[in-house]
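To be precise, the following lines are entry_35.txt, and they hold compact mmCIF, C-alpha atoms.
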```txt
# COMPACT_ATOMS: atom_id res chain seq x y z
CA MET A 775 -39.94 12.07 -26.13
CA THR A 776 -40.46 15.75 -25.42
CA LYS A 777 -38.31 18.46 -26.97
CA GLU A 778 -36.59 19.09 -23.62
CA GLU A 779 -35.83 15.38 -23.18
CA GLU A 780 -34.42 15.16 -26.70
CA GLU A 781 -32.20 18.20 -26.09
CA GLN A 782 -30.94 16.69 -22.83
CA LYS A 783 -30.21 13.40 -24.58
CA ASN A 784 -28.19 15.23 -27.24
CA LEU A 785 -26.25 17.10 -24.55
CA ASN A 786 -25.48 13.83 -22.75
CA GLU A 787 -24.24 12.24 -25.97
CA ILE A 788 -22.04 15.25 -26.73
CA GLY A 789 -20.65 15.10 -23.20
CA GLN A 790 -19.84 11.41 -23.59
CA ILE A 791 -18.07 12.08 -26.88
CA ILE A 792 -16.00 14.89 -25.35
CA THR A 793 -15.08 12.73 -22.34
CA TYR A 794 -14.07 9.87 -24.64
CA MET A 795 -11.92 12.19 -26.75
CA MET A 796 -10.24 13.71 -23.69
CA ASN A 797 -9.51 10.29 -22.19
CA ASN A 798 -8.05 8.95 -25.44
CA ARG A 799 -5.84 11.86 -26.53
CA ALA A 800 -2.08 11.74 -26.13
CA VAL A 801 -0.64 13.52 -23.11
CA ASP A 802 2.93 14.81 -23.27
CA ASP A 803 3.42 14.27 -19.53
CA PHE A 804 2.54 10.59 -20.05
CA ASP A 805 5.12 10.32 -22.86
CA GLY A 806 2.37 10.23 -25.47
CA TYR A 807 0.02 7.78 -23.76
CA SER A 808 -3.57 8.74 -23.04
CA PRO A 809 -5.29 9.00 -19.63
CA ALA A 810 -7.28 5.87 -20.50
CA GLU A 811 -4.10 3.94 -21.28
CA MET A 812 -2.42 5.33 -18.19
CA GLU A 813 -5.23 3.95 -16.03
CA TYR A 814 -4.40 0.45 -17.24
CA ILE A 815 -0.67 1.08 -16.78
CA LEU A 816 -1.25 2.10 -13.15
CA TYR A 817 -3.97 -0.26 -12.00
CA ASP A 818 -3.93 -3.27 -14.34
CA ALA A 819 -0.31 -3.33 -15.44
CA PHE A 820 -0.39 -6.68 -17.24
CA GLY A 821 -4.10 -6.93 -18.02
CA LYS A 822 -5.23 -7.60 -21.58
CA ASN A 823 -5.79 -3.89 -22.24
CA SER A 824 -2.47 -2.72 -20.83
CA PRO A 825 0.28 -1.48 -23.17
CA VAL A 826 2.72 -3.65 -21.18
CA GLN A 827 2.62 -7.39 -21.72
CA PHE A 828 4.83 -10.31 -20.86
CA CYS A 829 6.26 -12.07 -23.90
CA GLU A 830 4.38 -15.23 -24.70
CA ASN A 831 7.52 -17.35 -24.87
CA ILE A 832 10.33 -16.73 -22.39
CA PRO A 833 13.04 -19.39 -22.86
CA ASP A 834 14.92 -21.00 -20.00
CA GLU A 835 18.16 -19.34 -21.07
CA VAL A 836 16.50 -15.97 -20.37
CA LEU A 837 14.98 -17.08 -17.07
CA ASP A 838 18.40 -18.39 -16.04
CA GLN A 839 19.64 -14.78 -16.10
CA ILE A 840 17.11 -13.43 -13.56
CA PRO A 841 18.90 -13.37 -10.18
CA ILE A 842 15.92 -13.19 -7.83
CA LEU A 843 14.18 -16.01 -9.68
CA ARG A 844 17.28 -18.19 -9.33
CA MET A 845 17.62 -17.35 -5.62
CA ILE A 846 14.01 -18.26 -4.91
CA GLU A 847 14.33 -21.45 -6.95
CA TYR A 848 17.38 -22.33 -4.83
CA LEU A 849 15.39 -21.80 -1.61
CA MET A 850 12.45 -23.81 -2.96
CA ASN A 851 14.77 -26.70 -3.83
CA LYS A 852 16.33 -26.64 -0.35
CA ILE A 853 12.89 -26.66 1.25
CA GLU A 854 11.73 -29.52 -0.96
CA GLU A 855 14.72 -31.65 0.07
CA THR A 856 13.48 -31.91 3.67
CA GLY A 857 9.86 -30.76 3.36
CA GLU A 858 10.48 -27.59 5.36
CA MET A 859 13.27 -25.26 6.44
CA LYS A 860 13.83 -24.38 10.08
CA LEU A 861 14.42 -20.65 10.44
CA THR A 862 16.40 -18.79 13.10
CA LYS A 863 14.76 -17.37 16.21
CA THR A 864 14.25 -14.09 14.33
CA GLY A 865 12.57 -15.86 11.39
CA ALA A 866 15.58 -15.55 9.10
CA LEU A 867 17.29 -18.12 6.89
CA PRO A 868 19.97 -20.30 8.53
CA ARG A 869 23.52 -18.97 8.20
CA ASN A 870 24.73 -21.98 6.20
CA ILE A 871 22.02 -21.33 3.60
CA VAL A 872 22.96 -17.64 3.39
CA LEU A 873 26.65 -18.42 2.93
CA ASP A 874 25.95 -21.09 0.31
CA LEU A 875 23.52 -18.92 -1.66
CA TYR A 876 25.34 -15.60 -1.61
CA GLY A 877 27.24 -14.86 -4.81
CA ARG A 878 25.71 -17.69 -6.82
CA TYR A 879 23.34 -15.43 -8.73
CA PHE A 880 23.73 -11.93 -7.34
CA ILE A 881 26.39 -9.87 -5.56
CA ASP A 882 25.44 -6.96 -3.31
CA ASP A 883 27.74 -4.16 -4.37
CA TYR A 884 28.04 -2.64 -0.89
CA ILE A 885 29.31 -5.96 0.49
CA GLU A 886 32.01 -6.20 -2.14
CA LYS A 887 32.90 -2.50 -1.98
CA TYR A 888 33.33 -2.34 1.79
CA GLY A 889 34.32 -5.94 2.43
CA TYR A 890 31.48 -6.73 4.82
CA LYS A 891 31.43 -10.17 6.42
CA LEU A 892 28.29 -12.24 6.15
CA TYR A 893 26.94 -13.49 9.45
CA LYS A 894 23.19 -13.50 8.93
CA GLU A 895 20.46 -13.10 6.33
CA THR A 896 20.00 -9.36 6.81
CA ASP A 897 23.66 -8.74 6.00
CA THR A 898 22.77 -9.29 2.35
CA ARG A 899 19.85 -7.30 1.00
CA SER A 900 19.31 -9.57 -2.03
CA ILE A 901 18.88 -12.80 -0.05
CA HIS A 902 16.82 -11.04 2.61
CA ILE A 903 14.39 -9.78 -0.04
CA ALA A 904 14.28 -13.16 -1.80
CA ARG A 905 13.15 -14.82 1.45
CA ILE A 906 10.50 -12.14 2.00
CA ILE A 907 9.13 -12.54 -1.54
CA LEU A 908 8.94 -16.31 -1.08
CA GLU A 909 6.97 -15.83 2.15
CA ILE A 910 4.50 -13.17 0.98
CA SER A 911 3.85 -14.73 -2.42
CA LYS A 912 1.61 -17.72 -3.04
CA LEU A 913 4.71 -19.93 -3.10
CA GLY A 914 5.72 -20.30 0.54
CA LYS A 915 4.28 -20.23 4.04
CA LYS A 916 5.79 -19.83 7.49
CA ARG A 917 4.39 -21.69 10.46
CA ASN A 918 6.05 -22.27 13.82
CA ASN A 919 9.18 -20.63 12.46
CA ARG A 920 9.46 -23.17 9.68
CA LEU A 921 9.29 -22.32 5.99
CA SER A 922 7.53 -24.71 3.61
CA LEU A 923 6.05 -24.64 0.12
CA THR A 924 2.36 -24.14 -0.49
CA LYS A 925 0.47 -26.29 -2.96
CA THR A 926 0.83 -23.45 -5.44
CA GLY A 927 4.57 -23.37 -4.79
CA GLN A 928 4.84 -27.10 -5.37
CA SER A 929 2.81 -26.77 -8.55
CA LEU A 930 4.80 -23.86 -9.99
CA LYS A 931 8.23 -25.08 -8.96
CA ASN A 932 8.88 -26.68 -12.33
CA LYS A 933 6.81 -24.22 -14.37
CA ARG A 934 9.45 -21.55 -14.57
CA LYS A 935 7.63 -18.93 -16.62
CA GLU A 936 4.57 -19.02 -14.34
CA LEU A 937 6.89 -19.01 -11.33
CA PHE A 938 8.57 -15.88 -12.66
CA PHE A 939 5.19 -14.20 -13.20
CA GLU A 940 4.23 -14.91 -9.58
CA ILE A 941 7.54 -13.55 -8.28
CA PHE A 942 7.40 -10.43 -10.45
CA GLY A 943 3.78 -9.75 -9.55
CA THR A 944 4.53 -10.16 -5.84
CA TYR A 945 7.57 -7.90 -6.05
CA THR A 946 5.75 -5.08 -7.81
CA GLN A 947 2.31 -5.28 -6.19
CA LYS A 948 2.67 -6.83 -2.72
CA TYR A 949 6.22 -6.14 -1.62
CA SER A 950 7.02 -2.51 -0.78
CA LEU A 951 9.89 -0.93 -2.69
CA ALA A 952 10.09 1.54 0.19
CA TYR A 953 11.33 -1.17 2.56
CA LEU A 954 14.53 -0.20 4.34
CA ASP A 955 15.34 2.94 2.34
CA GLY A 956 14.38 5.68 4.81
CA TYR A 957 12.11 7.73 2.55
CA GLU A 958 8.71 8.42 4.09
CA ASN A 959 6.85 8.38 0.78
CA GLN A 960 5.59 4.84 0.15
CA GLN A 961 4.38 5.19 -3.45
CA CYS A 962 7.31 6.66 -5.34
CA ALA A 963 8.57 4.21 -8.02
CA GLN A 964 6.02 1.55 -7.01
CA LEU A 965 3.12 3.56 -8.41
CA GLY A 966 3.57 3.47 -12.16
CA PHE A 967 6.34 0.85 -12.23
CA ALA A 968 4.91 -0.31 -15.56
CA PHE A 969 5.27 3.24 -16.90
CA THR A 970 8.98 2.98 -16.09
CA LEU A 971 9.12 -0.30 -18.03
CA ILE A 972 7.59 1.53 -21.00
CA LEU A 973 10.19 4.29 -20.76
CA LEU A 974 13.03 1.79 -20.53
CA SER A 975 11.67 -0.16 -23.49
CA LYS A 976 11.41 3.03 -25.55
CA TYR A 977 14.61 4.82 -24.60
CA GLY A 978 16.86 2.15 -23.13
CA GLU A 979 18.89 1.03 -26.13
CA GLU A 980 21.75 3.32 -25.13
CA PHE A 981 23.10 4.38 -21.75
CA LYS A 982 21.34 7.42 -20.31
CA GLU A 983 21.70 9.22 -17.01
CA VAL A 984 19.28 7.93 -14.39
CA SER A 985 17.94 11.48 -14.14
CA PHE A 986 16.51 11.10 -17.65
CA TYR A 987 14.01 8.56 -16.30
CA SER A 988 13.41 10.22 -12.94
CA GLU A 989 12.55 13.49 -14.67
CA LYS A 990 10.01 11.76 -16.91
CA TYR A 991 8.53 9.99 -13.90
CA GLN A 992 8.29 13.27 -12.02
CA LYS A 993 6.61 14.88 -15.01
CA ALA A 994 3.97 12.13 -15.04
CA PHE A 995 3.33 12.31 -11.27
CA PRO A 996 3.96 15.94 -10.24
CA ALA A 997 1.60 15.79 -7.24
CA MET A 998 4.01 13.34 -5.59
CA ILE A 999 6.68 16.04 -5.28
CA ASP A 1000 4.86 17.71 -2.39
CA THR A 1001 5.12 14.53 -0.29
CA PHE A 1002 8.91 14.97 0.01
CA GLU A 1003 10.41 17.27 2.62
CA SER A 1004 14.00 17.92 3.59
CA ASP A 1005 16.07 20.67 5.18
CA TYR A 1006 19.01 19.72 2.97
CA SER A 1007 17.51 19.39 -0.48
CA THR A 1008 14.55 20.38 -2.63
CA PRO A 1009 11.46 18.15 -2.84
CA GLU A 1010 12.16 17.66 -6.55
CA LYS A 1011 15.67 16.35 -5.94
CA MET A 1012 14.50 14.18 -3.05
CA MET A 1013 11.84 12.56 -5.22
CA MET A 1014 14.31 11.96 -8.04
CA ARG A 1015 16.83 10.29 -5.72
CA CYS A 1016 14.10 8.15 -4.18
CA PHE A 1017 12.86 7.05 -7.60
CA GLU A 1018 16.35 6.26 -8.84
CA LEU A 1019 17.25 4.20 -5.77
CA ARG A 1020 14.05 2.19 -5.72
CA THR A 1021 13.72 1.69 -9.46
CA PHE A 1022 17.23 0.77 -10.51
CA SER A 1023 19.04 -0.49 -7.39
CA LYS A 1024 16.16 -2.08 -5.47
CA PHE A 1025 13.97 -3.37 -8.30
CA LEU A 1026 15.18 -3.69 -11.88
CA ASN A 1027 18.70 -4.71 -10.89
CA PHE A 1028 17.43 -7.76 -8.95
CA PHE A 1029 15.68 -8.93 -12.13
CA ASN A 1030 18.65 -8.15 -14.38
CA LEU A 1031 16.45 -5.83 -16.43
CA VAL A 1032 19.00 -3.00 -16.50
CA LYS A 1033 22.69 -2.50 -16.91
CA ILE A 1034 24.03 0.10 -14.49
CA GLU A 1035 27.27 1.95 -15.12
CA LYS A 1036 28.44 3.56 -11.90
CA THR A 1037 30.09 6.97 -12.22
CA PRO A 1038 33.29 7.59 -10.25
CA THR A 1039 32.14 10.73 -8.45
CA TRP A 1040 29.07 11.36 -6.29
CA ASP A 1041 28.03 14.52 -8.17
CA LYS A 1042 27.57 12.70 -11.49
CA PRO A 1043 24.52 10.45 -11.99
CA ASP A 1044 24.89 6.79 -12.85
CA LEU A 1045 24.13 5.61 -16.37
CA VAL A 1046 21.55 2.94 -17.18
CA LYS A 1047 20.18 1.08 -20.16
CA LYS A 1048 17.94 -1.95 -20.57
CA SER A 1049 19.63 -5.32 -20.33
CA ALA A 1050 19.98 -7.90 -23.08
CA ILE A 1051 17.05 -9.92 -21.67
CA PHE A 1052 14.58 -7.03 -21.27
CA ASP A 1053 12.98 -7.35 -24.71
CA HIS A 1054 12.73 -11.12 -24.29
CA ILE A 1055 10.52 -10.63 -21.23
CA PHE A 1056 8.35 -7.60 -22.01
CA ARG A 1057 6.39 -6.55 -25.07
CA VAL A 1058 5.42 -2.87 -25.00
CA ILE A 1059 2.59 -1.75 -27.25
CA PRO A 1060 2.81 1.81 -28.65
CA SER A 1061 0.10 4.24 -27.66
CA ASN A 1062 -3.18 4.27 -29.57
CA ALA A 1063 -3.87 7.84 -28.46
CA THR A 1064 -5.53 10.05 -31.06
CA GLY A 1065 -3.73 13.40 -31.07
CA LYS A 1066 -2.24 15.72 -28.49
CA MET A 1067 -3.69 17.06 -25.27
CA ASN A 1068 -2.17 20.39 -24.29
```
Mind converting the file's structure to structure tokens?
Amino acid sequence: MTKEEEEQKNLNEIGQIITYMMNNRAVDDFDGYSPAEMEYILYDAFGKNSPVQFCENIPDEVLDQIPILRMIEYLMNKIEETGEMKLTKTGALPRNIVLDLYGRYFIDDYIEKYGYKLYKETDTRSIHIARIILEISKLGKKRNNRLSLTKTGQSLKNKRKELFFEIFGTYTQKYSLAYLDGYENQQCAQLGFAFTLILLSKYGEEFKEVSFYSEKYQKAFPAMIDTFESDYSTPEKMMMRCFELRTFSKFLNFFNLVKIEKTPTWDKPDLVKKSAIFDHIFRVIPSNATGKMN
């Protein structure tokens, strides 16, 4: 090896060391996690190297408290009774199924607050989403306007933990949290949902204003602010409201992962904390980052 080649090799090794150190140092904006850890959090949320893991043992009494799991199990049982379920002309669940299912496991607050009457599936957001998740997951299939179970659905029907994993994975990685909320940005709250789970695990013992979490999310993903535009509010406030709606009302609440305390006036943010079952479902590993990155 020539002197020049040896010098270049040394420079390459130094560069690799510096890159490794930068990628593995704690970042305040990531709540102390490193860029390397954040990559797993974003793109391999429950992989073996991710700080977020499902608990190895999740008992039935915990699974019984997950509303969207129970709703999908109900639909799967109804389908199994006859082999398939005939849907309406619009591809929705029959009205008798909607009326029988509503209120068993979840109550849509807007229905109770304003006294809406149920006539069809789309009148209740929770049941509407449960049917969508069943269809777009590996559990169900729709053909000729009839809903049936796939082989995977038949196999997982009585394996509740694996069934929950499939539903949760579909909800966070295939279903769009942006559905039906009116915000143009498609990534807010969905990107980095596992980061939100980390924050809730770390800070969720006591009630905190929802803005506590939206501010930390905004700090981690500041580039997303510029994707929000409004003549009536700032981009920062728009992003925070979008995150809060999608994260707490449209996601974690359906899984009973949070307790939400509504405030009586519109100008005061709601309060949230993790639910009693949260720590029985997720195991969050503290950061292994090696020092601070300024």
Box for segment 896-906 of chain A - axis-aligned, 3 Å on each of the six sides, all listed atoms - centre and size in Å to one decimal, as JSON.
```
{"center_x": 17.1, "center_y": -11.1, "center_z": 2.4, "size_x": 19.2, "size_y": 13.5, "size_z": 14.8}
```
For this session: Kindly extract all protein, DNA and RNA residues lying within 10 Å of the coordinates (16.7, -13.5, 1.6) given in the file, considering all atoms listed in the file, and supply them as a PyMOL selection string.
Result: chain A and resi 842+845-846+849+866-867+871-872+875-876+894-908
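When all atoms listed in the file are used to compute distances to Lys1048 of chain A, the closest of the residues A:Lys982, A:Phe1025, A:Ala1063, A:Phe1002 turns out to be A:Lys982.
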For this session: Give as a ChimeraX atom specification each residue that has an atom at most 6 Å from (9.4, 9.8, -19.9) in the file, counting only C-alpha atoms.
Result: /A:805,973,987,990
Seminar exercise, completed: Glu854 of chain A proximity check over A:Ile840, A:Gly914, A:Leu974, A:Phe942, using all atoms listed in the file: winner is A:Gly914
For this session: Please provide the set of residues having any atom within 7 Å of Asn919 of chain A, restricted to all atoms listed in the file, with same-chain residues fewer than 2 positions apart removed, written as a PyMOL selection string.
Result: chain A and resi 860-861+865+916-917+921
Find the nearest atom pair between each residue of segment 912-1000 of chain A and segment 820-835 of chain A for residues within 10 Å, count only C-alpha atoms, give distances in Å to one decimal, sort rows by chain and ascending number, and present the table as a tab-separated table.
```
residue	atom	partner	partner_atom	distance
A:Arg934	CA	A:Asp834	CA	7.7
A:Lys935	CA	A:Ile832	CA	6.7
A:Phe938	CA	A:Ile832	CA	9.9
A:Phe939	CA	A:Phe828	CA	8.6
A:Gly943	CA	A:Phe820	CA	9.3
A:Ala968	CA	A:Val826	CA	6.9
A:Phe969	CA	A:Val826	CA	8.5
A:Leu971	CA	A:Val826	CA	7.9
A:Ile972	CA	A:Val826	CA	7.1
A:Ser975	CA	A:Val826	CA	9.9
```
Problem set entry | Leu930 of chain A environment, 8 Å, all atoms listed in the file, sequence neighbours closer than 5 positions dropped, as a ChimeraX atom specification | /A:913,936-937
Problem set entry | Using only C-alpha atoms: which of A:Glu1035, A:Asp1044, A:Asp838, A:Glu940 has the shortest distance to Ser988 of chain A | A:Asp1044
For this session: Write out as a list in words each polymer residue whose atoms come within 9 Å of Met812 of chain A, counting only C-alpha atoms; drop sequence neighbours fewer than 3 positions from it.
Result: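 Returned residues: Phe804, Tyr807, Ser808, Pro809, Ile815, Leu816, Tyr817, Ser824, Pro825, Gly966 and Phe969 of chain A.
Minimum atom-to-atom distance to Asp882 of chain A, evaluated using all atoms listed in the file, belongs to A:Phe1028 out of A:Phe986, A:Phe1028, A:Tyr991, A:Trp1040.
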